[in-house]
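What's in data_10.cif: mmCIF, C-alpha atoms
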```
data_entry
loop_
_atom_site.group_PDB
_atom_site.id
_atom_site.type_symbol
_atom_site.label_atom_id
_atom_site.label_comp_id
_atom_site.auth_asym_id
_atom_site.auth_seq_id
_atom_site.Cartn_x
_atom_site.Cartn_y
_atom_site.Cartn_z
ATOM 1 C CA MET A 1 119.199 68.354 52.124
ATOM 2 C CA LYS A 2 116.299 70.101 53.914
ATOM 3 C CA GLN A 3 114.475 66.786 54.296
ATOM 4 C CA LYS A 4 117.596 65.173 55.756
ATOM 5 C CA SER A 5 118.070 68.069 58.188
ATOM 6 C CA LEU A 6 114.438 67.805 59.259
ATOM 7 C CA SER A 7 114.830 64.066 59.859
ATOM 8 C CA ILE A 8 117.905 64.654 62.015
ATOM 9 C CA LEU A 9 116.065 67.329 63.993
ATOM 10 C CA LEU A 10 113.112 64.993 64.640
ATOM 11 C CA LEU A 11 115.475 62.214 65.663
ATOM 12 C CA ASN A 12 117.196 64.501 68.145
ATOM 13 C CA ILE A 13 113.850 65.524 69.619
ATOM 14 C CA LEU A 14 112.797 61.892 70.041
ATOM 15 C CA LEU A 15 116.135 61.011 71.607
ATOM 16 C CA GLY A 16 115.754 63.926 73.974
ATOM 17 C CA MET A 17 112.320 62.719 74.986
ATOM 18 C CA PHE A 18 113.687 59.248 75.597
ATOM 19 C CA VAL A 19 116.535 60.534 77.734
ATOM 20 C CA THR A 20 114.200 62.585 79.900
ATOM 21 C CA THR A 21 111.779 59.696 80.471
ATOM 22 C CA ALA A 22 114.098 56.678 80.475
ATOM 23 C CA SER A 23 114.681 56.852 84.224
ATOM 24 C CA ALA A 24 111.271 56.745 85.881
ATOM 25 C CA TYR A 25 112.642 56.359 89.411
ATOM 26 C CA ASP A 26 115.743 57.065 91.482
ATOM 27 C CA ILE A 27 115.678 54.180 93.944
ATOM 28 C CA GLU A 28 113.692 50.987 94.527
ATOM 29 C CA VAL A 29 113.043 49.550 97.980
ATOM 30 C CA PRO A 30 110.644 46.722 98.958
ATOM 31 C CA ASN A 31 107.994 47.485 101.528
ATOM 32 C CA ALA A 32 107.454 45.274 104.576
ATOM 33 C CA ASP A 33 105.287 42.912 102.495
ATOM 34 C CA GLY A 34 108.115 42.407 100.020
ATOM 35 C CA VAL A 35 106.415 44.512 97.325
ATOM 36 C CA MET A 36 108.965 46.541 95.368
ATOM 37 C CA ILE A 37 108.138 50.252 95.434
ATOM 38 C CA TYR A 38 109.877 52.826 93.266
ATOM 39 C CA TYR A 39 110.733 56.348 94.407
ATOM 40 C CA VAL A 40 112.010 59.684 93.149
ATOM 41 C CA TRP A 41 113.857 62.165 95.340
ATOM 42 C CA GLN A 42 112.053 65.297 96.479
ATOM 43 C CA ASN A 43 113.027 68.474 98.316
ATOM 44 C CA ASP A 44 116.770 68.316 97.543
ATOM 45 C CA GLY A 45 117.059 64.638 98.342
ATOM 46 C CA THR A 46 115.556 64.816 101.817
ATOM 47 C CA GLU A 47 112.175 63.253 100.987
ATOM 48 C CA LEU A 48 110.735 60.646 98.621
ATOM 49 C CA ALA A 49 107.688 60.370 96.359
ATOM 50 C CA VAL A 50 106.357 57.086 94.991
ATOM 51 C CA SER A 51 106.957 56.750 91.251
ATOM 52 C CA TYR A 52 106.229 54.164 88.548
ATOM 53 C CA GLY A 53 108.253 51.050 87.954
ATOM 54 C CA GLY A 54 108.647 50.716 84.194
ATOM 55 C CA LYS A 55 111.264 52.531 82.109
ATOM 56 C CA ASN A 56 108.527 55.092 81.524
ATOM 57 C CA VAL A 57 104.747 55.095 81.390
ATOM 58 C CA ILE A 58 104.633 54.798 77.588
ATOM 59 C CA MET A 59 107.394 52.260 76.948
ATOM 60 C CA GLY A 60 107.071 50.086 80.044
ATOM 61 C CA LYS A 61 103.933 49.056 81.888
ATOM 62 C CA ASN A 62 103.727 49.728 85.588
ATOM 63 C CA ASN A 63 104.636 46.879 87.935
ATOM 64 C CA TYR A 64 102.256 47.397 90.869
ATOM 65 C CA ALA A 65 99.614 44.734 91.569
ATOM 66 C CA GLY A 66 97.352 43.466 94.350
ATOM 67 C CA ASP A 67 97.209 45.307 97.668
ATOM 68 C CA VAL A 68 99.945 47.910 98.055
ATOM 69 C CA VAL A 69 100.809 49.509 101.387
ATOM 70 C CA ILE A 70 102.998 52.587 100.961
ATOM 71 C CA PRO A 71 105.388 52.954 103.912
ATOM 72 C CA GLU A 72 105.574 56.173 105.872
ATOM 73 C CA SER A 73 109.375 56.171 105.594
ATOM 74 C CA VAL A 74 112.114 54.287 103.758
ATOM 75 C CA VAL A 75 115.513 53.160 105.002
ATOM 76 C CA TYR A 76 118.077 53.554 102.224
ATOM 77 C CA GLU A 77 121.843 53.215 102.585
ATOM 78 C CA GLY A 78 121.572 53.565 106.343
ATOM 79 C CA ASN A 79 119.409 56.693 106.299
ATOM 80 C CA THR A 80 115.662 57.109 106.831
ATOM 81 C CA TYR A 81 113.653 59.265 104.425
ATOM 82 C CA PRO A 82 109.962 60.227 104.763
ATOM 83 C CA VAL A 83 107.593 59.399 101.913
ATOM 84 C CA THR A 84 105.683 62.646 101.344
ATOM 85 C CA GLY A 85 104.097 62.330 97.899
ATOM 86 C CA ILE A 86 102.769 60.166 95.101
ATOM 87 C CA ALA A 87 104.244 61.365 91.820
ATOM 88 C CA SER A 88 102.416 61.933 88.547
ATOM 89 C CA SER A 89 101.341 58.618 86.920
ATOM 90 C CA ALA A 90 102.944 56.636 89.762
ATOM 91 C CA PHE A 91 100.301 53.885 89.650
ATOM 92 C CA SER A 92 98.726 54.662 86.279
ATOM 93 C CA GLU A 93 97.576 51.752 84.121
ATOM 94 C CA CYS A 94 98.172 49.047 86.720
ATOM 95 C CA PRO A 95 95.429 46.584 85.679
ATOM 96 C CA ALA A 96 96.036 44.219 88.609
ATOM 97 C CA LEU A 97 96.178 46.849 91.386
ATOM 98 C CA THR A 98 93.278 46.279 93.830
ATOM 99 C CA SER A 99 93.880 48.488 96.877
ATOM 100 C CA VAL A 100 96.294 51.143 98.123
ATOM 101 C CA THR A 101 96.990 52.438 101.622
ATOM 102 C CA VAL A 102 98.430 55.958 101.643
ATOM 103 C CA PRO A 103 100.345 56.667 104.892
ATOM 104 C CA ASN A 104 100.062 59.659 107.209
ATOM 105 C CA SER A 105 103.285 61.145 105.827
ATOM 106 C CA VAL A 106 101.946 61.766 102.296
ATOM 107 C CA THR A 107 100.653 65.287 101.645
ATOM 108 C CA THR A 108 100.179 65.356 97.852
ATOM 109 C CA ILE A 109 98.853 62.990 95.201
ATOM 110 C CA GLU A 110 99.843 64.324 91.778
ATOM 111 C CA GLU A 111 97.908 64.270 88.509
ATOM 112 C CA SER A 112 97.021 60.919 86.912
ATOM 113 C CA ALA A 113 98.581 59.088 89.868
ATOM 114 C CA PHE A 114 96.058 56.217 89.671
ATOM 115 C CA LYS A 115 94.683 56.817 86.188
ATOM 116 C CA GLN A 116 93.106 53.776 84.514
ATOM 117 C CA CYS A 117 93.618 51.416 87.451
ATOM 118 C CA VAL A 118 90.560 49.479 86.352
ATOM 119 C CA ARG A 119 90.564 46.915 89.196
ATOM 120 C CA LEU A 120 91.289 49.353 92.021
ATOM 121 C CA THR A 121 88.413 48.903 94.487
ATOM 122 C CA SER A 122 89.504 50.717 97.651
ATOM 123 C CA ILE A 123 91.892 53.405 98.830
ATOM 124 C CA THR A 124 92.770 54.622 102.315
ATOM 125 C CA LEU A 125 94.058 58.181 102.741
ATOM 126 C CA GLY A 126 96.336 59.065 105.656
ATOM 127 C CA SER A 127 95.880 62.050 107.934
ATOM 128 C CA SER A 128 98.156 64.489 106.053
ATOM 129 C CA VAL A 129 96.768 64.444 102.491
ATOM 130 C CA GLU A 130 96.140 68.073 101.537
ATOM 131 C CA SER A 131 95.757 67.972 97.763
ATOM 132 C CA VAL A 132 94.787 65.523 95.034
ATOM 133 C CA GLU A 133 95.516 66.856 91.554
ATOM 134 C CA THR A 134 93.426 66.520 88.389
ATOM 135 C CA PHE A 135 92.697 63.119 86.867
ATOM 136 C CA ALA A 136 94.368 61.368 89.822
ATOM 137 C CA PHE A 137 91.672 58.669 89.776
ATOM 138 C CA SER A 138 90.419 59.034 86.216
ATOM 139 C CA GLY A 139 89.226 55.728 84.779
ATOM 140 C CA CYS A 140 89.136 53.948 88.162
ATOM 141 C CA ASN A 141 85.660 52.678 87.415
ATOM 142 C CA ASN A 142 85.653 49.922 90.051
ATOM 143 C CA LEU A 143 86.677 52.145 92.957
ATOM 144 C CA LYS A 144 83.942 51.387 95.491
ATOM 145 C CA SER A 145 85.341 52.235 98.924
ATOM 146 C CA LEU A 146 87.095 55.334 100.296
ATOM 147 C CA THR A 147 88.563 55.764 103.769
ATOM 148 C CA PHE A 148 89.516 59.251 104.975
ATOM 149 C CA HIS A 149 91.851 60.154 107.816
ATOM 150 C CA CYS A 150 92.750 63.640 106.550
ATOM 151 C CA PRO A 151 91.312 66.621 108.528
ATOM 152 C CA VAL A 152 89.379 68.045 105.556
ATOM 153 C CA VAL A 153 87.472 65.696 103.241
ATOM 154 C CA ASN A 154 86.969 66.526 99.573
ATOM 155 C CA GLY A 155 84.982 63.809 97.827
ATOM 156 C CA GLU A 156 85.256 65.649 94.510
ATOM 157 C CA TRP A 157 88.755 64.177 94.182
ATOM 158 C CA PHE A 158 87.278 60.768 93.351
ATOM 159 C CA PRO A 159 85.000 59.000 90.837
ATOM 160 C CA GLN A 160 81.378 59.338 91.850
ATOM 161 C CA GLN A 161 80.431 55.667 91.530
ATOM 162 C CA VAL A 162 81.876 54.965 95.014
ATOM 163 C CA LYS A 163 79.445 52.972 97.167
ATOM 164 C CA GLU A 164 81.053 53.191 100.620
ATOM 165 C CA VAL A 165 82.802 55.965 102.538
ATOM 166 C CA VAL A 166 84.557 55.576 105.891
ATOM 167 C CA ILE A 167 85.145 58.820 107.828
ATOM 168 C CA GLY A 168 87.937 58.489 110.394
ATOM 169 C CA SER A 169 87.994 60.178 113.776
ATOM 170 C CA GLU A 170 90.654 62.622 112.514
ATOM 171 C CA VAL A 171 88.257 64.278 110.051
ATOM 172 C CA GLN A 172 87.171 67.757 111.142
ATOM 173 C CA SER A 173 85.209 69.137 108.186
ATOM 174 C CA PHE A 174 83.968 68.552 104.643
ATOM 175 C CA VAL A 175 84.299 70.617 101.487
ATOM 176 C CA GLU A 176 80.770 71.664 100.501
ATOM 177 C CA ARG A 177 79.185 69.220 98.025
ATOM 178 C CA SER A 178 81.995 66.727 98.645
ATOM 179 C CA PHE A 179 79.662 63.829 97.893
ATOM 180 C CA GLY A 180 76.844 65.810 96.326
ATOM 181 C CA GLY A 181 77.280 64.020 93.012
ATOM 182 C CA TYR A 182 77.450 60.528 94.499
ATOM 183 C CA GLY A 183 73.938 59.357 93.668
ATOM 184 C CA GLY A 184 74.667 55.701 94.468
ATOM 185 C CA LEU A 185 76.502 56.119 97.781
ATOM 186 C CA ALA A 186 74.951 53.361 99.904
ATOM 187 C CA ASN A 187 76.896 53.399 103.179
ATOM 188 C CA VAL A 188 78.640 56.117 105.189
ATOM 189 C CA TYR A 189 80.604 54.937 108.236
ATOM 190 C CA LEU A 190 81.454 57.531 110.899
ATOM 191 C CA LEU A 191 84.077 56.712 113.522
ATOM 192 C CA GLN A 192 83.547 59.899 115.577
ATOM 193 C CA GLU A 193 81.622 59.580 118.816
ATOM 194 C CA GLN A 194 81.047 63.347 119.042
ATOM 195 C CA PRO A 195 79.208 64.638 115.934
ATOM 196 C CA TYR A 196 79.730 68.107 114.446
ATOM 197 C CA GLU A 197 77.497 70.011 112.063
ATOM 198 C CA ILE A 198 77.912 69.712 108.286
ATOM 199 C CA ALA A 199 76.316 71.544 105.351
ATOM 200 C CA ILE A 200 73.351 69.695 103.887
ATOM 201 C CA GLN A 201 75.006 69.894 100.449
ATOM 202 C CA VAL A 202 77.816 67.540 101.519
ATOM 203 C CA PHE A 203 75.744 64.519 100.436
ATOM 204 C CA SER A 204 73.142 64.075 97.710
ATOM 205 C CA ARG A 205 69.413 63.761 98.332
ATOM 206 C CA ASN A 206 69.588 60.129 97.181
ATOM 207 C CA THR A 207 72.227 59.384 99.816
ATOM 208 C CA TYR A 208 70.201 61.043 102.571
ATOM 209 C CA ASP A 209 67.021 59.222 101.547
ATOM 210 C CA LEU A 210 68.313 55.812 100.451
ATOM 211 C CA GLY A 211 71.773 55.412 101.979
ATOM 212 C CA THR A 212 72.615 54.304 105.510
ATOM 213 C CA LEU A 213 74.623 56.305 108.049
ATOM 214 C CA HIS A 214 76.547 53.970 110.362
ATOM 215 C CA VAL A 215 77.527 55.556 113.692
ATOM 216 C CA PRO A 216 79.180 54.257 116.890
ATOM 217 C CA VAL A 217 76.993 52.493 119.427
ATOM 218 C CA GLY A 218 75.245 54.928 121.738
ATOM 219 C CA THR A 219 75.500 57.950 119.418
ATOM 220 C CA LYS A 220 72.441 57.586 117.177
ATOM 221 C CA GLU A 221 70.392 60.166 119.065
ATOM 222 C CA LEU A 222 73.271 62.654 118.974
ATOM 223 C CA TYR A 223 73.522 62.355 115.188
ATOM 224 C CA LYS A 224 69.747 62.642 114.800
ATOM 225 C CA GLN A 225 69.988 66.021 116.547
ATOM 226 C CA THR A 226 73.025 67.338 114.619
ATOM 227 C CA ALA A 227 72.574 69.510 111.511
ATOM 228 C CA GLY A 228 73.416 67.756 108.265
ATOM 229 C CA TRP A 229 73.651 64.264 109.690
ATOM 230 C CA ASN A 230 70.010 64.451 110.776
ATOM 231 C CA ARG A 231 69.005 64.469 107.094
ATOM 232 C CA PHE A 232 69.778 60.742 106.885
ATOM 233 C CA VAL A 233 66.574 58.712 106.970
ATOM 234 C CA ASN A 234 68.449 55.527 107.911
ATOM 235 C CA ILE A 235 70.889 55.651 110.841
ATOM 236 C CA GLU A 236 72.358 52.469 112.342
ATOM 237 C CA GLU A 237 74.512 52.083 115.461
ATOM 238 C CA ASP A 238 77.102 49.647 114.127
ATOM 239 C CA ALA A 239 80.169 51.686 113.120
ATOM 240 C CA PRO A 240 83.463 50.531 114.657
ATOM 241 C CA THR A 241 85.454 52.866 116.904
ATOM 242 C CA GLY A 242 88.956 53.140 118.278
ATOM 243 C CA ILE A 243 91.976 51.167 117.129
ATOM 244 C CA ASN A 244 89.857 48.187 116.041
ATOM 245 C CA ALA A 245 88.036 50.256 113.398
ATOM 246 C CA ALA A 246 88.207 48.942 109.850
ATOM 247 C CA HIS A 247 90.912 50.733 107.839
ATOM 248 C CA CYS A 248 91.869 52.769 110.906
ATOM 249 C CA VAL A 249 95.393 54.140 110.609
ATOM 250 C CA LYS A 250 95.719 55.085 114.269
ATOM 251 C CA GLY A 251 96.871 52.812 117.096
ATOM 252 C CA ALA A 252 99.489 51.004 115.004
ATOM 253 C CA GLU A 253 100.867 47.700 116.241
ATOM 254 C CA GLU A 254 103.546 45.370 114.927
ATOM 255 C CA ALA A 255 102.259 43.333 111.977
ATOM 256 C CA ALA A 256 105.418 41.595 110.720
ATOM 257 C CA ARG A 257 109.173 41.560 111.153
ATOM 258 C CA TYR A 258 111.936 41.071 108.578
ATOM 259 C CA THR A 259 115.711 40.929 108.257
ATOM 260 C CA MET A 260 117.550 43.632 106.319
ATOM 261 C CA ASP A 261 117.556 41.378 103.228
ATOM 262 C CA GLY A 262 113.783 40.874 103.366
ATOM 263 C CA ARG A 263 113.462 37.467 105.083
ATOM 264 C CA HIS A 264 110.383 37.100 107.287
ATOM 265 C CA LEU A 265 111.083 36.597 111.000
ATOM 266 C CA SER A 266 108.788 34.707 113.368
ATOM 267 C CA LYS A 267 110.405 36.423 116.371
ATOM 268 C CA PRO A 268 112.957 39.173 117.047
ATOM 269 C CA GLN A 269 116.447 38.277 115.857
ATOM 270 C CA PRO A 270 119.680 39.827 117.137
ATOM 271 C CA GLY A 271 120.878 42.602 114.880
ATOM 272 C CA VAL A 272 118.863 44.998 112.733
ATOM 273 C CA ASN A 273 115.174 44.079 112.263
ATOM 274 C CA ILE A 274 112.727 45.835 109.931
ATOM 275 C CA VAL A 275 109.316 46.040 111.599
ATOM 276 C CA ARG A 276 106.109 46.646 109.622
ATOM 277 C CA MET A 277 103.288 48.246 111.604
ATOM 278 C CA THR A 278 99.542 47.791 111.045
ATOM 279 C CA ASP A 279 99.301 51.339 109.643
ATOM 280 C CA GLY A 280 101.706 50.472 106.803
ATOM 281 C CA THR A 281 104.722 52.244 108.274
ATOM 282 C CA THR A 282 108.077 50.579 108.793
ATOM 283 C CA LYS A 283 110.842 51.166 111.288
ATOM 284 C CA LYS A 284 114.333 49.862 111.912
ATOM 285 C CA VAL A 285 114.864 48.186 115.295
ATOM 286 C CA ILE A 286 118.187 47.030 116.739
ATOM 287 C CA VAL A 287 117.830 43.842 118.822
ATOM 288 C CA LYS A 288 120.661 43.191 121.241
ATOM 289 C CA LYS A 289 122.062 39.680 121.719
#
```
Rewrite the coordinates I just gave you, this time as structure tokens.
Amino acid sequence: MKQKSLSILLLNILLGMFVTTASAYDIEVPNADGVMIYYVWQNDGTELAVSYGGKNVIMGKNNYAGDVVIPESVVYEGNTYPVTGIASSAFSECPALTSVTVPNSVTTIEESAFKQCVRLTSITLGSSVESVETFAFSGCNNLKSLTFHCPVVNGEWFPQQVKEVVIGSEVQSFVERSFGGYGGLANVYLLQEQPYEIAIQVFSRNTYDLGTLHVPVGTKELYKQTAGWNRFVNIEEDAPTGINAAHCVKGAEEAARYTMDGRHLSKPQPGVNIVRMTDGTTKKVIVKK
């Protein structure tokens, strides 16, 4: 009798676990590229966070692959909701995921969000990211390029085998020793035309001695005279600036246009059009006849 009771108790526990994890997302909406993205409601249903696409992380593999651009907002049932977070394990164990663009609206990336994304090579962070929780990029052993648009950069959030870092014009400061453990960092691209001082511990000695600092044309002498940056032995004037900068999230322009049911449009069509911008955001536009 005791053994039977114990079996029933264990069964109930397992069923309870299944019930709590069976629904991994609340809604699913394709982005402007037609990639289905899954979301959970946040902040009493006023905001969204990206979630994973399987039934749950254990019982169903994630569905994300290739290059994924997270939109800044989502239109759902006639209403627009901002995307403000990336939920725990949202992209975990996506073996075919190669790059992710995080929009300016996202403030938090939760634990294990990109864990074991073994083919992820680059990630672009929008200007509002304030925190990246533990193990967010654990096991991302091919992550080679990082692009920052957030005001404060903390390189300790990421695996230290990264080879390239792009620092957007929005960046204002660095957490001390942000890239101090990045012994193989080969290229640092700076998009700011007016340098500011940084602590010498931000980068490793190997990076200062063997890496290359890429700065905008006409600013090399300024960087050679600015504390921290002047530790770089190799400084080149070839970094892009302005809205044409690689990975730059600012200066968004229209990239593509779609109908409400996801069909690509070659030109504006009367009615409601969904417009994807170059920064990954989407907006709903009404075109009059």
Ser138 of chain A environment, 12 Å, only C-alpha atoms, sequence neighbours closer than 4 positions dropped, as a PDB file with C-alpha atoms, keeping the file's coordinate frame:
```
ATOM      1  CA  SER A  89     101.341  58.618  86.920  1.00  0.00           C
ATOM      2  CA  PHE A  91     100.301  53.885  89.650  1.00  0.00           C
ATOM      3  CA  SER A  92      98.726  54.662  86.279  1.00  0.00           C
ATOM      4  CA  GLU A  93      97.576  51.752  84.121  1.00  0.00           C
ATOM      5  CA  GLU A 111      97.908  64.270  88.509  1.00  0.00           C
ATOM      6  CA  SER A 112      97.021  60.919  86.912  1.00  0.00           C
ATOM      7  CA  ALA A 113      98.581  59.088  89.868  1.00  0.00           C
ATOM      8  CA  PHE A 114      96.058  56.217  89.671  1.00  0.00           C
ATOM      9  CA  LYS A 115      94.683  56.817  86.188  1.00  0.00           C
ATOM     10  CA  GLN A 116      93.106  53.776  84.514  1.00  0.00           C
ATOM     11  CA  CYS A 117      93.618  51.416  87.451  1.00  0.00           C
ATOM     12  CA  VAL A 118      90.560  49.479  86.352  1.00  0.00           C
ATOM     13  CA  LEU A 120      91.289  49.353  92.021  1.00  0.00           C
ATOM     14  CA  VAL A 132      94.787  65.523  95.034  1.00  0.00           C
ATOM     15  CA  GLU A 133      95.516  66.856  91.554  1.00  0.00           C
ATOM     16  CA  THR A 134      93.426  66.520  88.389  1.00  0.00           C
ATOM     17  CA  ASN A 142      85.653  49.922  90.051  1.00  0.00           C
ATOM     18  CA  LEU A 143      86.677  52.145  92.957  1.00  0.00           C
ATOM     19  CA  GLU A 156      85.256  65.649  94.510  1.00  0.00           C
ATOM     20  CA  TRP A 157      88.755  64.177  94.182  1.00  0.00           C
ATOM     21  CA  PHE A 158      87.278  60.768  93.351  1.00  0.00           C
ATOM     22  CA  PRO A 159      85.000  59.000  90.837  1.00  0.00           C
ATOM     23  CA  GLN A 160      81.378  59.338  91.850  1.00  0.00           C
ATOM     24  CA  GLN A 161      80.431  55.667  91.530  1.00  0.00           C
TER      25      GLN A 161
END
```
*Which residue of A:Leu48, A:Ile109, A:Val165, A:Val171 approaches Cys150 of chain A most closely, using all atoms listed in the file*: A:Val171
*Apply the PyMOL selection byres ((chain A and resi 28-30) around 9) to the structure shown and report the selected residues as a PyMOL selection string.*
chain A and resi 25-27+31-40+53+74-76+262
*Between atom CA of Thr98 of chain A and atom CA of Gln192 of chain A, measure the distance and give it in Å to one decimal.*
27.4 Å
_With the PyMOL selection byres ((chain A and resi 184) around 10) as the selection, what would be picked from this file? Answer as a list in words, please._
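This file, filtered by the PyMOL selection byres ((chain A and resi 184) around 10), leaves Gln160, Gln161, Val162, Lys163, Glu164, Gly181, Tyr182, Gly183, Leu185, Ala186, Asn187, Ser204, Asn206, Thr207, Leu210 and Gly211 of chain A.
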*Using all atoms listed in the file: which of A:Thr121, A:Asn43, A:Thr226, A:Asn104 has the shortest distance to Ser145 of chain A*: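 Closest to Ser145 of chain A, using all atoms listed in the file: A:Thr121.
Selection by the PyMOL selection byres ((chain A and resi 146) around 7) on the present file picks out Ser122, Ile123, Thr124, Lys144, Ser145, Thr147, Phe148, Glu164, Val165 and Val166 of chain A.
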*Residue contacts of Val106 of chain A (7 Å, all atoms listed in the file) excluding same-chain residues fewer than 4 positions away, as number ranges by chain*: A: 83-85, 102, 128-129
*Interatomic distance between atom CA of Ala136 of chain A and atom CA of Thr108 of chain A?*
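Rounded to one decimal, the two atoms are 10.7 Å apart.
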*Using all atoms listed in the file, which residue out of A:Pro82, A:Pro103, A:Pro151, A:Gly168 lies closest to Val68 of chain A?*
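So, comparing all the options, the nearest one is A:Pro103.
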*Enter the distance from atom CA of Ile86 of chain A to atom CA of Phe203 of chain A, in Å, rounded to one decimal.*
27.9 Å
_Residue among A:Ala239, A:Asn141, A:Asn234, A:Val202 lying closest to Ser169 of chain A, counting all atoms listed in the file_ =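 When distances to Ser169 of chain A are compared using all atoms listed in the file, the smallest one comes from A:Ala239.
Minimum distance to Pro195 of chain A across A:Val153, A:Ala49, A:Val215, A:Val69 (counting only C-alpha atoms) occurs at A:Val215.
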Selection: 7 Å around segment 197-201 of chain A, all atoms listed in the file, excl. self and same-chain fewer than 6 positions, as a CSV table (one decimal) with C-alpha atoms, in the coordinates of the input:
```csv
chain,number,residue,atom,x,y,z
A,176,GLU,CA,80.8,71.7,100.5
A,177,ARG,CA,79.2,69.2,98.0
A,180,GLY,CA,76.8,65.8,96.3
A,226,THR,CA,73.0,67.3,114.6
A,227,ALA,CA,72.6,69.5,111.5
A,228,GLY,CA,73.4,67.8,108.3
```
